[in-house]
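Next comes entry.pdb, with PDB, C-alpha atoms.
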ATOM      1  CA  MET A   1      38.206  30.760  90.461
ATOM      2  CA  SER A   2      39.682  32.624  87.493
ATOM      3  CA  ALA A   3      43.113  32.582  85.804
ATOM      4  CA  ASN A   4      42.932  29.096  84.307
ATOM      5  CA  GLN A   5      44.030  30.357  80.885
ATOM      6  CA  PHE A   6      47.487  30.769  79.423
ATOM      7  CA  GLY A   7      48.613  32.516  76.247
ATOM      8  CA  SER A   8      47.601  35.539  74.167
ATOM      9  CA  ARG A   9      47.231  34.064  70.656
ATOM     10  CA  PHE A  10      47.563  30.323  71.265
ATOM     11  CA  VAL A  11      45.198  30.292  74.246
ATOM     12  CA  VAL A  12      44.779  27.237  76.451
ATOM     13  CA  THR A  13      42.203  26.725  79.199
ATOM     14  CA  SER A  14      43.006  23.970  81.677
ATOM     15  CA  PHE A  15      40.213  22.206  83.586
ATOM     16  CA  GLY A  16      39.691  19.340  86.027
ATOM     17  CA  GLU A  17      40.764  18.178  89.488
ATOM     18  CA  SER A  18      43.152  15.483  90.666
ATOM     19  CA  HIS A  19      40.354  13.138  91.774
ATOM     20  CA  GLY A  20      37.566  14.441  89.558
ATOM     21  CA  THR A  21      36.105  12.655  86.541
ATOM     22  CA  ALA A  22      38.696  13.947  84.091
ATOM     23  CA  LEU A  23      41.279  16.601  83.328
ATOM     24  CA  GLY A  24      41.563  18.371  80.037
ATOM     25  CA  VAL A  25      42.297  21.445  78.014
ATOM     26  CA  VAL A  26      40.594  23.637  75.437
ATOM     27  CA  ILE A  27      42.945  25.215  72.876
ATOM     28  CA  ASP A  28      41.743  28.316  71.043
ATOM     29  CA  GLY A  29      43.764  30.019  68.315
ATOM     30  CA  CYS A  30      45.534  27.048  66.746
ATOM     31  CA  PRO A  31      45.442  27.674  62.976
ATOM     32  CA  ALA A  32      43.641  25.345  60.592
ATOM     33  CA  GLY A  33      45.708  22.893  58.589
ATOM     34  CA  VAL A  34      48.140  21.729  61.265
ATOM     35  CA  THR A  35      48.705  18.004  60.886
ATOM     36  CA  PHE A  36      47.379  16.131  63.907
ATOM     37  CA  ASP A  37      49.999  13.716  65.258
ATOM     38  CA  GLU A  38      48.190  11.355  67.627
ATOM     39  CA  GLY A  39      51.417   9.446  68.245
ATOM     40  CA  LEU A  40      53.138  12.614  69.471
ATOM     41  CA  LEU A  41      50.244  13.415  71.815
ATOM     42  CA  LYS A  42      50.307   9.920  73.326
ATOM     43  CA  LYS A  43      54.104   9.927  73.592
ATOM     44  CA  GLU A  44      54.189  13.204  75.532
ATOM     45  CA  LEU A  45      51.481  11.972  77.902
ATOM     46  CA  GLU A  46      53.425   8.756  78.430
ATOM     47  CA  ARG A  47      56.581  10.738  79.224
ATOM     48  CA  ARG A  48      54.698  12.644  81.938
ATOM     49  CA  ARG A  49      53.297   9.492  83.550
ATOM     50  CA  PRO A  50      55.125   7.849  86.479
ATOM     51  CA  GLY A  51      57.382   4.958  85.570
ATOM     52  CA  HIS A  52      59.050   6.099  82.339
ATOM     53  CA  HIS A  53      61.992   3.848  81.400
ATOM     54  CA  GLY A  54      62.078   1.988  84.702
ATOM     55  CA  SER A  55      61.730   5.018  86.979
ATOM     56  CA  GLY A  56      58.767   3.494  88.818
ATOM     57  CA  GLN A  57      60.603   3.121  92.120
ATOM     58  CA  ILE A  58      61.471   6.828  92.405
ATOM     59  CA  VAL A  59      58.145   8.429  91.475
ATOM     60  CA  SER A  60      54.514   8.385  92.581
ATOM     61  CA  GLY A  61      52.780   5.019  92.594
ATOM     62  CA  ARG A  62      49.629   6.438  91.026
ATOM     63  CA  GLN A  63      49.150   4.753  87.665
ATOM     64  CA  GLU A  64      46.799   6.542  85.299
ATOM     65  CA  ILE A  65      46.399   5.338  81.718
ATOM     66  CA  ASP A  66      46.066   8.928  80.443
ATOM     67  CA  ALA A  67      44.486   7.873  77.154
ATOM     68  CA  PRO A  68      43.620  11.139  75.353
ATOM     69  CA  GLU A  69      40.117  11.721  74.006
ATOM     70  CA  VAL A  70      39.985  14.436  71.352
ATOM     71  CA  LEU A  71      36.493  15.927  71.464
ATOM     72  CA  SER A  72      36.683  18.676  68.857
ATOM     73  CA  GLY A  73      38.839  20.722  66.523
ATOM     74  CA  ILE A  74      40.279  17.859  64.425
ATOM     75  CA  PHE A  75      38.881  16.568  61.134
ATOM     76  CA  GLU A  76      40.482  14.293  58.547
ATOM     77  CA  GLY A  77      43.829  14.416  60.348
ATOM     78  CA  GLN A  78      44.162  18.198  60.523
ATOM     79  CA  THR A  79      43.190  21.032  62.832
ATOM     80  CA  LEU A  80      40.113  23.014  61.828
ATOM     81  CA  GLY A  81      41.072  26.337  63.382
ATOM     82  CA  THR A  82      38.166  25.856  65.782
ATOM     83  CA  PRO A  83      38.645  25.182  69.523
ATOM     84  CA  ILE A  84      40.430  21.904  70.195
ATOM     85  CA  ALA A  85      39.163  20.049  73.258
ATOM     86  CA  VAL A  86      41.010  17.024  74.621
ATOM     87  CA  MET A  87      40.810  15.216  77.947
ATOM     88  CA  VAL A  88      41.965  12.173  79.915
ATOM     89  CA  ARG A  89      39.847  10.363  82.508
ATOM     90  CA  ASN A  90      40.992   9.696  86.067
ATOM     91  CA  GLN A  91      40.965   5.977  86.824
ATOM     92  CA  ASP A  92      43.406   5.368  89.700
ATOM     93  CA  ALA A  93      42.438   7.976  92.295
ATOM     94  CA  ARG A  94      42.393   6.842  95.938
ATOM     95  CA  SER A  95      40.322   9.580  97.533
ATOM     96  CA  GLN A  96      40.127   7.749 100.891
ATOM     97  CA  ASP A  97      43.846   8.488 101.376
ATOM     98  CA  TYR A  98      42.990  12.166 101.809
ATOM     99  CA  LYS A  99      40.197  12.072 104.408
ATOM    100  CA  GLU A 100      42.476  13.282 107.202
ATOM    101  CA  ILE A 101      43.725  16.372 105.403
ATOM    102  CA  LYS A 102      40.196  17.756 105.035
ATOM    103  CA  ALA A 103      40.508  18.837 108.661
ATOM    104  CA  THR A 104      44.294  18.829 108.977
ATOM    105  CA  PRO A 105      46.068  20.492 106.008
ATOM    106  CA  ARG A 106      49.440  19.096 104.950
ATOM    107  CA  ALA A 107      52.504  21.192 105.730
ATOM    108  CA  GLY A 108      53.993  22.904 102.680
ATOM    109  CA  HIS A 109      50.963  22.205 100.475
ATOM    110  CA  ALA A 110      48.243  24.570  99.277
ATOM    111  CA  ASP A 111      45.404  22.779 101.115
ATOM    112  CA  ASP A 112      44.749  25.526 103.664
ATOM    113  CA  MET A 113      45.585  28.371 101.269
ATOM    114  CA  TRP A 114      42.973  27.298  98.720
ATOM    115  CA  LYS A 115      40.344  26.559 101.372
ATOM    116  CA  ASN A 116      40.868  29.900 103.106
ATOM    117  CA  LYS A 117      40.981  31.881  99.862
ATOM    118  CA  PHE A 118      37.964  30.365  98.110
ATOM    119  CA  GLY A 119      35.918  29.114 101.066
ATOM    120  CA  HIS A 120      35.324  25.731  99.435
ATOM    121  CA  SER A 121      37.881  23.455  97.778
ATOM    122  CA  ASP A 122      38.481  19.847  96.759
ATOM    123  CA  HIS A 123      40.906  18.329  99.277
ATOM    124  CA  ARG A 124      41.207  15.000  97.423
ATOM    125  CA  GLY A 125      44.730  14.789  96.125
ATOM    126  CA  GLY A 126      45.040  18.547  96.338
ATOM    127  CA  GLY A 127      42.295  19.196  93.789
ATOM    128  CA  ARG A 128      43.602  21.611  91.155
ATOM    129  CA  SER A 129      46.731  22.396  93.135
ATOM    130  CA  SER A 130      47.874  18.817  92.487
ATOM    131  CA  GLY A 131      50.704  18.085  90.089
ATOM    132  CA  ARG A 132      48.148  16.023  88.178
ATOM    133  CA  GLU A 133      46.840  19.290  86.712
ATOM    134  CA  THR A 134      49.946  19.353  84.523
ATOM    135  CA  VAL A 135      48.500  16.609  82.310
ATOM    136  CA  SER A 136      46.407  19.376  80.710
ATOM    137  CA  ARG A 137      49.530  21.423  80.027
ATOM    138  CA  VAL A 138      51.273  18.464  78.405
ATOM    139  CA  MET A 139      48.328  17.840  76.082
ATOM    140  CA  ALA A 140      48.267  21.504  75.069
ATOM    141  CA  GLY A 141      52.043  21.523  74.637
ATOM    142  CA  ALA A 142      51.816  18.576  72.263
ATOM    143  CA  PHE A 143      49.551  20.578  69.943
ATOM    144  CA  ALA A 144      51.867  23.580  70.184
ATOM    145  CA  GLN A 145      54.721  21.283  69.239
ATOM    146  CA  MET A 146      52.765  20.017  66.207
ATOM    147  CA  LEU A 147      52.370  23.624  65.038
ATOM    148  CA  LEU A 148      56.030  24.539  65.542
ATOM    149  CA  LYS A 149      57.283  21.383  63.829
ATOM    150  CA  GLN A 150      55.248  22.369  60.775
ATOM    151  CA  VAL A 151      56.466  25.975  60.596
ATOM    152  CA  SER A 152      59.949  25.669  62.151
ATOM    153  CA  ALA A 153      61.126  22.091  61.705
ATOM    154  CA  PRO A 154      64.698  22.576  63.071
ATOM    155  CA  THR A 155      63.422  23.785  66.466
ATOM    156  CA  ARG A 156      64.010  21.351  69.335
ATOM    157  CA  VAL A 157      63.206  21.601  73.040
ATOM    158  CA  ILE A 158      65.380  19.434  75.304
ATOM    159  CA  GLY A 159      64.771  19.209  79.030
ATOM    160  CA  TYR A 160      66.948  17.494  81.619
ATOM    161  CA  ALA A 161      67.841  17.554  85.301
ATOM    162  CA  SER A 162      71.098  19.428  85.852
ATOM    163  CA  GLN A 163      70.943  18.992  89.614
ATOM    164  CA  ILE A 164      69.100  16.688  92.010
ATOM    165  CA  GLY A 165      69.950  17.125  95.656
ATOM    166  CA  SER A 166      73.734  17.350  95.903
ATOM    167  CA  PHE A 167      74.308  15.735  92.481
ATOM    168  CA  VAL A 168      75.221  18.292  89.795
ATOM    169  CA  LEU A 169      76.010  17.718  86.121
ATOM    170  CA  SER A 170      79.547  18.617  85.099
ATOM    171  CA  GLU A 171      80.088  21.155  82.305
ATOM    172  CA  GLU A 172      81.173  18.327  80.022
ATOM    173  CA  GLU A 173      78.002  16.355  80.768
ATOM    174  CA  ARG A 174      75.858  19.419  80.133
ATOM    175  CA  SER A 175      77.597  20.048  76.808
ATOM    176  CA  GLN A 176      76.686  16.540  75.619
ATOM    177  CA  VAL A 177      73.004  16.617  76.559
ATOM    178  CA  ALA A 178      71.753  17.223  73.011
ATOM    179  CA  GLN A 179      73.358  13.955  71.889
ATOM    180  CA  LYS A 180      71.756  11.857  74.625
ATOM    181  CA  ASP A 181      68.359  10.245  75.138
ATOM    182  CA  VAL A 182      67.479  11.982  78.395
ATOM    183  CA  ASP A 183      64.446   9.760  78.966
ATOM    184  CA  SER A 184      66.672   6.674  79.070
ATOM    185  CA  PHE A 185      68.036   7.888  82.421
ATOM    186  CA  GLN A 186      65.865   6.963  85.417
ATOM    187  CA  ALA A 187      66.071  10.411  87.005
ATOM    188  CA  ARG A 188      66.459  12.231  83.670
ATOM    189  CA  PHE A 189      69.890  13.135  84.990
ATOM    190  CA  PRO A 190      72.070  12.436  81.896
ATOM    191  CA  SER A 191      75.184  11.205  83.672
ATOM    192  CA  SER A 192      76.935   7.982  84.630
ATOM    193  CA  ARG A 193      75.845   8.929  88.167
ATOM    194  CA  ASP A 194      72.148   8.649  87.267
ATOM    195  CA  GLN A 195      71.870   5.299  89.060
ATOM    196  CA  GLU A 196      73.302   6.863  92.233
ATOM    197  CA  VAL A 197      70.696   9.604  91.995
ATOM    198  CA  ALA A 198      67.944   7.012  91.534
ATOM    199  CA  GLU A 199      69.136   5.113  94.604
ATOM    200  CA  MET A 200      69.174   8.328  96.645
ATOM    201  CA  LEU A 201      65.591   9.087  95.605
ATOM    202  CA  LYS A 202      64.437   5.537  96.318
ATOM    203  CA  LYS A 203      65.909   5.790  99.811
ATOM    204  CA  ALA A 204      64.248   9.162 100.339
ATOM    205  CA  GLN A 205      60.900   7.704  99.291
ATOM    206  CA  GLU A 206      61.263   4.830 101.758
ATOM    207  CA  GLN A 207      62.146   7.247 104.558
ATOM    208  CA  GLY A 208      59.471   9.793 103.734
ATOM    209  CA  ASP A 209      62.085  12.346 102.736
ATOM    210  CA  SER A 210      62.411  14.438  99.571
ATOM    211  CA  HIS A 211      64.902  16.419  97.487
ATOM    212  CA  GLY A 212      64.881  19.522  95.340
ATOM    213  CA  GLY A 213      66.853  20.218  92.198
ATOM    214  CA  VAL A 214      67.287  22.167  88.994
ATOM    215  CA  ALA A 215      65.917  21.483  85.525
ATOM    216  CA  GLU A 216      67.345  23.045  82.379
ATOM    217  CA  ILE A 217      65.564  23.592  79.086
ATOM    218  CA  LEU A 218      67.615  23.980  75.918
ATOM    219  CA  ILE A 219      65.799  25.431  72.914
ATOM    220  CA  GLN A 220      67.761  24.650  69.766
ATOM    221  CA  ASN A 221      67.196  26.670  66.597
ATOM    222  CA  PRO A 222      64.237  28.738  67.814
ATOM    223  CA  PRO A 223      62.571  31.053  65.314
ATOM    224  CA  ALA A 224      64.118  34.528  65.415
ATOM    225  CA  TYR A 225      62.230  37.690  66.398
ATOM    226  CA  LEU A 226      59.772  36.097  68.810
ATOM    227  CA  GLY A 227      58.755  38.279  71.742
ATOM    228  CA  GLN A 228      57.437  41.777  72.324
ATOM    229  CA  PRO A 229      59.840  44.505  73.471
ATOM    230  CA  VAL A 230      58.046  45.718  76.595
ATOM    231  CA  PHE A 231      55.579  43.723  78.699
ATOM    232  CA  HIS A 232      55.510  40.436  76.798
ATOM    233  CA  LYS A 233      59.221  39.865  76.342
ATOM    234  CA  LEU A 234      59.913  36.272  75.352
ATOM    235  CA  LYS A 235      61.945  35.831  78.533
ATOM    236  CA  SER A 236      59.194  37.201  80.764
ATOM    237  CA  ASP A 237      56.574  34.893  79.271
ATOM    238  CA  LEU A 238      58.931  31.916  79.640
ATOM    239  CA  ALA A 239      59.500  32.899  83.263
ATOM    240  CA  LEU A 240      55.731  33.134  83.789
ATOM    241  CA  ALA A 241      55.239  29.718  82.157
ATOM    242  CA  PHE A 242      57.873  28.003  84.285
ATOM    243  CA  MET A 243      57.028  29.662  87.570
ATOM    244  CA  SER A 244      53.377  28.660  87.146
ATOM    245  CA  VAL A 245      54.435  25.019  87.590
ATOM    246  CA  GLY A 246      54.065  23.738  91.147
ATOM    247  CA  ALA A 247      57.117  23.640  93.481
ATOM    248  CA  THR A 248      59.219  26.018  91.348
ATOM    249  CA  ASN A 249      61.153  28.699  93.212
ATOM    250  CA  GLY A 250      63.694  30.200  90.817
ATOM    251  CA  PHE A 251      64.265  31.036  87.112
ATOM    252  CA  GLU A 252      67.369  31.943  85.097
ATOM    253  CA  LEU A 253      68.117  32.773  81.470
ATOM    254  CA  GLY A 254      71.567  32.122  80.004
ATOM    255  CA  LEU A 255      74.221  32.919  82.584
ATOM    256  CA  GLY A 256      71.479  33.965  84.974
ATOM    257  CA  PHE A 257      72.709  35.259  88.322
ATOM    258  CA  GLU A 258      76.312  34.482  87.368
ATOM    259  CA  ALA A 259      76.192  37.451  84.986
ATOM    260  CA  ALA A 260      76.121  39.778  87.988
ATOM    261  CA  SER A 261      79.766  38.968  88.762
ATOM    262  CA  VAL A 262      81.126  39.093  85.177
ATOM    263  CA  PRO A 263      82.799  42.342  83.951
ATOM    264  CA  GLY A 264      80.872  44.043  81.159
ATOM    265  CA  ILE A 265      83.664  43.752  78.570
ATOM    266  CA  GLN A 266      83.941  40.020  79.156
ATOM    267  CA  PHE A 267      80.154  39.559  79.147
ATOM    268  CA  HIS A 268      79.301  41.503  75.987
ATOM    269  CA  GLN A 269      82.288  40.297  73.938
ATOM    270  CA  SER A 270      81.812  36.614  74.751
ATOM    271  CA  SER A 271      82.067  34.292  71.732
ATOM    272  CA  GLN A 272      79.012  32.411  73.032
ATOM    273  CA  SER A 273      75.605  34.080  73.323
ATOM    274  CA  PRO A 274      75.828  35.794  76.732
ATOM    275  CA  TYR A 275      72.219  36.937  76.442
ATOM    276  CA  GLY A 276      70.898  33.371  76.400
ATOM    277  CA  GLY A 277      69.479  33.689  72.879
ATOM    278  CA  ILE A 278      67.183  36.609  73.786
ATOM    279  CA  ARG A 279      68.086  40.286  73.381
ATOM    280  CA  GLY A 280      65.736  43.202  73.968
ATOM    281  CA  GLY A 281      63.109  40.639  74.949
ATOM    282  CA  ILE A 282      63.228  39.175  71.422
ATOM    283  CA  SER A 283      64.734  35.864  70.281
ATOM    284  CA  THR A 284      67.909  36.191  68.199
ATOM    285  CA  GLY A 285      67.626  32.761  66.561
ATOM    286  CA  GLU A 286      70.501  31.460  68.692
ATOM    287  CA  ASN A 287      69.987  28.610  71.153
ATOM    288  CA  ILE A 288      68.166  29.569  74.351
ATOM    289  CA  LEU A 289      69.159  28.082  77.699
ATOM    290  CA  LEU A 290      66.697  28.272  80.589
ATOM    291  CA  ARG A 291      66.987  27.056  84.145
ATOM    292  CA  VAL A 292      64.373  26.532  86.862
ATOM    293  CA  SER A 293      64.841  25.376  90.438
ATOM    294  CA  PHE A 294      62.438  23.243  92.448
ATOM    295  CA  LYS A 295      62.035  23.022  96.200
ATOM    296  CA  PRO A 296      61.996  19.585  97.871
ATOM    297  CA  THR A 297      58.629  17.833  97.546
ATOM    298  CA  SER A 298      56.269  19.010 100.296
ATOM    299  CA  SER A 299      54.963  15.511 101.130
ATOM    300  CA  ILE A 300      57.380  14.166 103.744
ATOM    301  CA  LEU A 301      57.445  11.824 106.762
ATOM    302  CA  ASP A 302      54.133  10.023 107.449
ATOM    303  CA  VAL A 303      52.220  11.912 104.750
ATOM    304  CA  ALA A 304      54.667  10.655 102.135
ATOM    305  CA  LYS A 305      54.757   7.116 103.496
ATOM    306  CA  LYS A 306      50.967   6.765 103.532
ATOM    307  CA  GLY A 307      50.303   8.344 100.140
ATOM    308  CA  ARG A 308      51.720   8.095  96.621
ATOM    309  CA  HIS A 309      54.157  10.935  96.098
ATOM    310  CA  ASP A 310      57.300  11.785  94.166
ATOM    311  CA  PRO A 311      60.448  12.160  96.318
ATOM    312  CA  CYS A 312      61.665  14.762  93.796
ATOM    313  CA  ILE A 313      59.576  16.921  91.481
ATOM    314  CA  VAL A 314      62.310  17.581  88.898
ATOM    315  CA  THR A 315      62.210  14.188  87.161
ATOM    316  CA  ARG A 316      58.472  14.347  86.467
ATOM    317  CA  ALA A 317      58.424  18.090  85.775
ATOM    318  CA  ILE A 318      60.728  18.019  82.757
ATOM    319  CA  PRO A 319      58.040  17.050  80.183
ATOM    320  CA  VAL A 320      55.816  19.719  81.741
ATOM    321  CA  LEU A 321      58.480  22.422  81.365
ATOM    322  CA  GLU A 322      59.045  21.314  77.775
ATOM    323  CA  ALA A 323      55.293  21.592  77.135
ATOM    324  CA  MET A 324      55.184  25.091  78.610
ATOM    325  CA  THR A 325      58.128  26.049  76.391
ATOM    326  CA  TRP A 326      56.305  24.869  73.263
ATOM    327  CA  LEU A 327      53.217  26.836  74.362
ATOM    328  CA  VAL A 328      55.192  30.063  74.692
ATOM    329  CA  LEU A 329      56.932  29.514  71.353
ATOM    330  CA  ALA A 330      53.620  28.802  69.583
ATOM    331  CA  ASP A 331      51.966  31.817  71.188
ATOM    332  CA  HIS A 332      54.768  34.176  70.161
ATOM    333  CA  TYR A 333      55.069  32.665  66.692
ATOM    334  CA  LEU A 334      51.411  33.486  66.010
ATOM    335  CA  TRP A 335      51.884  36.924  67.567
ATOM    336  CA  ALA A 336      54.923  37.632  65.363
ATOM    337  CA  LYS A 337      52.871  36.927  62.244
ATOM    338  CA  THR A 338      50.801  40.036  62.997
ATOM    339  CA  ASP A 339      53.715  42.355  63.814
ATOM    340  CA  ARG A 340      54.220  43.455  60.201
ATOM    341  CA  VAL A 341      51.878  44.330  57.361
TER     342      VAL A 341
END
Can the structure from this file be put into structure tokens for me?
Amino acid sequence: MSANQFGSRFVVTSFGESHGTALGVVIDGCPAGVTFDEGLLKKELERRRPGHHGSGQIVSGRQEIDAPEVLSGIFEGQTLGTPIAVMVRNQDARSQDYKEIKATPRAGHADDMWKNKFGHSDHRGGGRSSGRETVSRVMAGAFAQMLLKQVSAPTRVIGYASQIGSFVLSEEERSQVAQKDVDSFQARFPSSRDQEVAEMLKKAQEQGDSHGGVAEILIQNPPAYLGQPVFHKLKSDLALAFMSVGATNGFELGLGFEAASVPGIQFHQSSQSPYGGIRGGISTGENILLRVSFKPTSSILDVAKKGRHDPCIVTRAIPVLEAMTWLVLADHYLWAKTDRV
């Protein structure tokens, strides 16, 4: 199986299966001299784990410690410029829960697709098609974030759920996101209705049902002039990054599909950035707003009741989308450094 790498300059290779010994990532291309922030790495892994800030009743019951082991690339608190290898060990896998699906693939999952495509696959927990694979992305994203914080300190990446099921953030709530601690909300839905959302998801979990939703990523103060003008536009690489995450089914930049119904004069003379902070495939330095939709979790009915599954992917996916954003920014920052003599 190929295509386990992401990035052109800041290159990450993800490895491991859901119920294997460990999952990890090798990062090639990170410059020497980046300060290693172990606290940041552990914090991002903790944010990805089930149960952040009391959300345990609305997410998977699988409890992995996810203690990172840095194997190479760091010396005396700084990156060496050599490949960085980091992994976490699996400790709470229940492989016996997946015996039945070896012969009977789960509806909506990739069990049969992977088996039929490759001829041999790991059915335990979905193998590499499991959402657990994203732990590798989060580790890589933490290192990308360390790099960007050193070279572009004002840059922030803020992820949040703008819709879960029928619950949608109001424009006022969305405008206040940057001032809120999104992780303090059980469903990462920054609204006074967050508790209602949590109760809806808890009920869905009990009934073996699931919900979809929309996550938004706000990039504040991104470096200007990131992105190539033709095939590696910043927006196209962000779309690739987001759509590579499991259960995603839609991507928008700025106004997104709404722009199709706005007259050109109104669109291009807007006082706010109508292009979403990217023009000609290149970042303008203005804030970038991205949006990605998720289908309802595939594990439903008896499969969901017997196993340990999230009733909604959005809540858990937000740290993953943030990590993918940092990876794209780091990759294009390093690329931009070679664009001029």
Who sits within 7 Å of region 248-257 of chain A, all atoms listed in the file, same chain under 5 positions skipped, as an mmCIF file with C-alpha atoms, in the coordinates of the input:
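This is the output file result-v1.cif:
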data_model
loop_
_atom_site.group_PDB
_atom_site.id
_atom_site.type_symbol
_atom_site.label_atom_id
_atom_site.label_comp_id
_atom_site.auth_asym_id
_atom_site.auth_seq_id
_atom_site.Cartn_x
_atom_site.Cartn_y
_atom_site.Cartn_z
ATOM 1 C CA ALA A 239 59.500 32.899 83.263
ATOM 2 C CA MET A 243 57.028 29.662 87.570
ATOM 3 C CA PRO A 274 75.828 35.794 76.732
ATOM 4 C CA TYR A 275 72.219 36.937 76.442
ATOM 5 C CA GLY A 276 70.898 33.371 76.400
ATOM 6 C CA LEU A 289 69.159 28.082 77.699
ATOM 7 C CA LEU A 290 66.697 28.272 80.589
ATOM 8 C CA ARG A 291 66.987 27.056 84.145
ATOM 9 C CA VAL A 292 64.373 26.532 86.862
ATOM 10 C CA SER A 293 64.841 25.376 90.438
ATOM 11 C CA PHE A 294 62.438 23.243 92.448
ATOM 12 C CA LYS A 295 62.035 23.022 96.200
#
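Residues matched by the PyMOL selection byres ((chain A and resi 72) around 6) in this structure: Val70, Leu71, Gly73, Ile74, Ile84 and Ala85 of chain A.
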Quick one: residues within 9 Å of Gly280 (chain A), all atoms listed in the file, excluding same-chain residues fewer than 6 positions away - as a ChimeraX atom specification? /A:227-230,233
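In this model, the gap between CA of Gly277 (chain A) and CA of Gln163 (chain A) comes to 22.3 Å.
Going from CA of Arg279 (chain A) to CA of Arg156 (chain A) covers 19.8 Å.
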